[in-house]
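Just below is one structure, and these are the notes that go with it.
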Amino acid sequence: MTKIKNLAIGIDIGGSGIKGAPVSMKSGKFKADRLRIPTPENASPGDIAEIVRTIADSFGLPDIPVGVDFPAPIINGVVPYVANLSQEWKGVAVEELFTQTLGRPVTVLNDADAAGYAEVYYGAARGRTGTCLTLTLGTGIGSALVSDGVLVPNTEFGHIALPNGEKDAEKWAAASVFERDHLSFDEWASRLQVIFDALELYVTPDVLIIGGGVSKRHDQFLPLIHTRAELIPAQLRNKAGIVGAALMAYQRATA
């Protein structure tokens, strides 16, 4: 890769769709329309890699870094386990697979990590210092921990056991549970309060960012929760994963 143009391509792999765009490293904004391709049911790693290649190549930018966010932890470039894609992914050296398929270096990180990283550099926590904890409330609860701009990868705070006896936080208070059990915002906020109290004890963040689709309605539940940390909604929302993946790839390529 010989030419860096303050751009990188970010690609978000989800259970229903794979989407990507080139991202300006100066602004964090897309520099072309996002391309989305549906995720085939039970797609193999090779199938997904080909879709990632198609999206990356579609922008005609062969000389810029590519970052991919993935719905599982990534440890030394390998997927240790996966929940929302084919179990064929378990143990796959995903960075190596994508790099070989695309014919250029590819950086891969967890999807919640990518979203939280983007929020620190371009979104809700831009310009803030200290420790920032992002929680994405959706089907589960994803987490990203960034301290003074440095990502601590692969946190799984959505799975913490709680002081009230609940053994898995996301199974009790994810946005999917809020919808499934027809909880009121007051009821849901009381559950989230238990989780936030525990996380403030464990991590003591300076900023807590709440993301996920339900963050669009943050004014209906965040005011009901009280934290020592500044509690704010995410700004980048469904763009965050793409932006964070692009940023991490760019930083690695230019280090």
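Here, A, B, ... name the chains of the structure tokens in the order displayed, residue numbers run from 1 inside each chain, and ligands are numbered from 1 in the same displayed order.
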- Message: Quick one: residues within 12 Å of stretch 57-65 of chain A, only C-alpha atoms, excluding same-chain residues fewer than 4 positions away - as a PyMOL selection string?
- Response: chain A and resi 1-11+19-25+30-37+50-53+99+101-108+245-254
- Task: Please report, as a PyMOL selection string, each residue of stretch 12-227 of chain A to which DSSP assigns strand (DSSP E) when run on this structure's backbone.
- Result: chain A and resi 12-13+17-24+35-38+66-70+106-110+131-137+141-147+150-152+207-211
- Can you tell me how far atom CA of A:Phe98 sits from atom CA of A:Gln235, in Å to one decimal? 29.2 Å
- Item | Residue among A:Ala144, A:Ala83, A:Ala198, A:Leu183 lying closest to A:Gly211, counting only C-alpha atoms |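 Going through A:Ala144, A:Ala83, A:Ala198, A:Leu183 one by one, the smallest distance to A:Gly211 is for A:Ala144.
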- Backbone-only DSSP, alpha helix (DSSP H) members of stretch 155-247 of chain A, as a count of residues only: 38
- Name all residues at most 6 Å from stretch 70-81 of chain A (count only C-alpha atoms; drop same-chain ones fewer than 5 positions away) and give them as a PyMOL selection string. chain A and resi 13+90-95+109-111+154
Can I get the selection written as an mmCIF file, in the first residue's frame, with N, CA and C atoms?
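Final output, saved to out.cif:
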data_model
loop_
_atom_site.group_PDB
_atom_site.id
_atom_site.type_symbol
_atom_site.label_atom_id
_atom_site.label_comp_id
_atom_site.auth_asym_id
_atom_site.auth_seq_id
_atom_site.Cartn_x
_atom_site.Cartn_y
_atom_site.Cartn_z
ATOM 1 N N ILE A 13 -19.907 -6.028 9.595
ATOM 2 C CA ILE A 13 -20.528 -7.329 9.344
ATOM 3 C C ILE A 13 -21.596 -7.577 10.396
ATOM 4 N N LYS A 90 -15.814 -20.244 14.182
ATOM 5 C CA LYS A 90 -15.055 -20.520 15.403
ATOM 6 C C LYS A 90 -13.639 -20.985 15.060
ATOM 7 N N GLY A 91 -12.649 -20.257 15.577
ATOM 8 C CA GLY A 91 -11.253 -20.595 15.351
ATOM 9 C C GLY A 91 -10.666 -20.067 14.064
ATOM 10 N N VAL A 92 -11.442 -19.342 13.265
ATOM 11 C CA VAL A 92 -10.947 -18.830 11.985
ATOM 12 C C VAL A 92 -10.006 -17.641 12.217
ATOM 13 N N ALA A 93 -8.875 -17.644 11.534
ATOM 14 C CA ALA A 93 -7.959 -16.497 11.532
ATOM 15 C C ALA A 93 -8.535 -15.456 10.573
ATOM 16 N N VAL A 94 -9.443 -14.658 11.087
ATOM 17 C CA VAL A 94 -10.275 -13.817 10.226
ATOM 18 C C VAL A 94 -9.473 -12.712 9.541
ATOM 19 N N GLU A 95 -8.503 -12.125 10.236
ATOM 20 C CA GLU A 95 -7.690 -11.100 9.580
ATOM 21 C C GLU A 95 -6.899 -11.688 8.411
ATOM 22 N N LEU A 109 -11.757 -5.969 14.072
ATOM 23 C CA LEU A 109 -12.006 -5.790 15.494
ATOM 24 C C LEU A 109 -13.469 -6.061 15.802
ATOM 25 N N ASN A 110 -13.751 -6.240 17.070
ATOM 26 C CA ASN A 110 -15.105 -6.494 17.529
ATOM 27 C C ASN A 110 -16.029 -5.327 17.179
ATOM 28 N N ASP A 111 -17.291 -5.613 16.884
ATOM 29 C CA ASP A 111 -18.195 -4.558 16.429
ATOM 30 C C ASP A 111 -18.481 -3.505 17.495
ATOM 31 N N ASN A 154 -12.159 -6.181 23.409
ATOM 32 C CA ASN A 154 -12.847 -7.433 23.764
ATOM 33 C C ASN A 154 -13.415 -7.468 25.176
#
- Taking into account only C-alpha atoms, which residue in the set A:Ala229, A:Val120, A:Ala234, A:Leu151 is nearest to A:Leu135?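 Comparing A:Ala229, A:Val120, A:Ala234, A:Leu151 against A:Leu135, the winner is A:Ala234.
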- Item | Spatial neighbours of A:Pro233, 8 Å, only C-alpha atoms, chain gap at least 3 places, as a list of chain:residue names | A:Ala124, A:Ile209, A:Ile210, A:Gly211, A:Ser215, A:His218
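Atom CA of A:Arg237 is found 12.1 Å from atom CA of A:Arg217.
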- Query: So what do you get for atom CA of A:Gly123 versus atom CA of A:Ala161, distance-wise?
  - Reply: 29.5 Å
- Nearest to A:Ala112, chosen from A:Gly14, A:Gly165, A:Gly142, A:Gly67, with only C-alpha atoms counted in the distances: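 Among the listed residues, the smallest separation from A:Ala112 belongs to A:Gly142.
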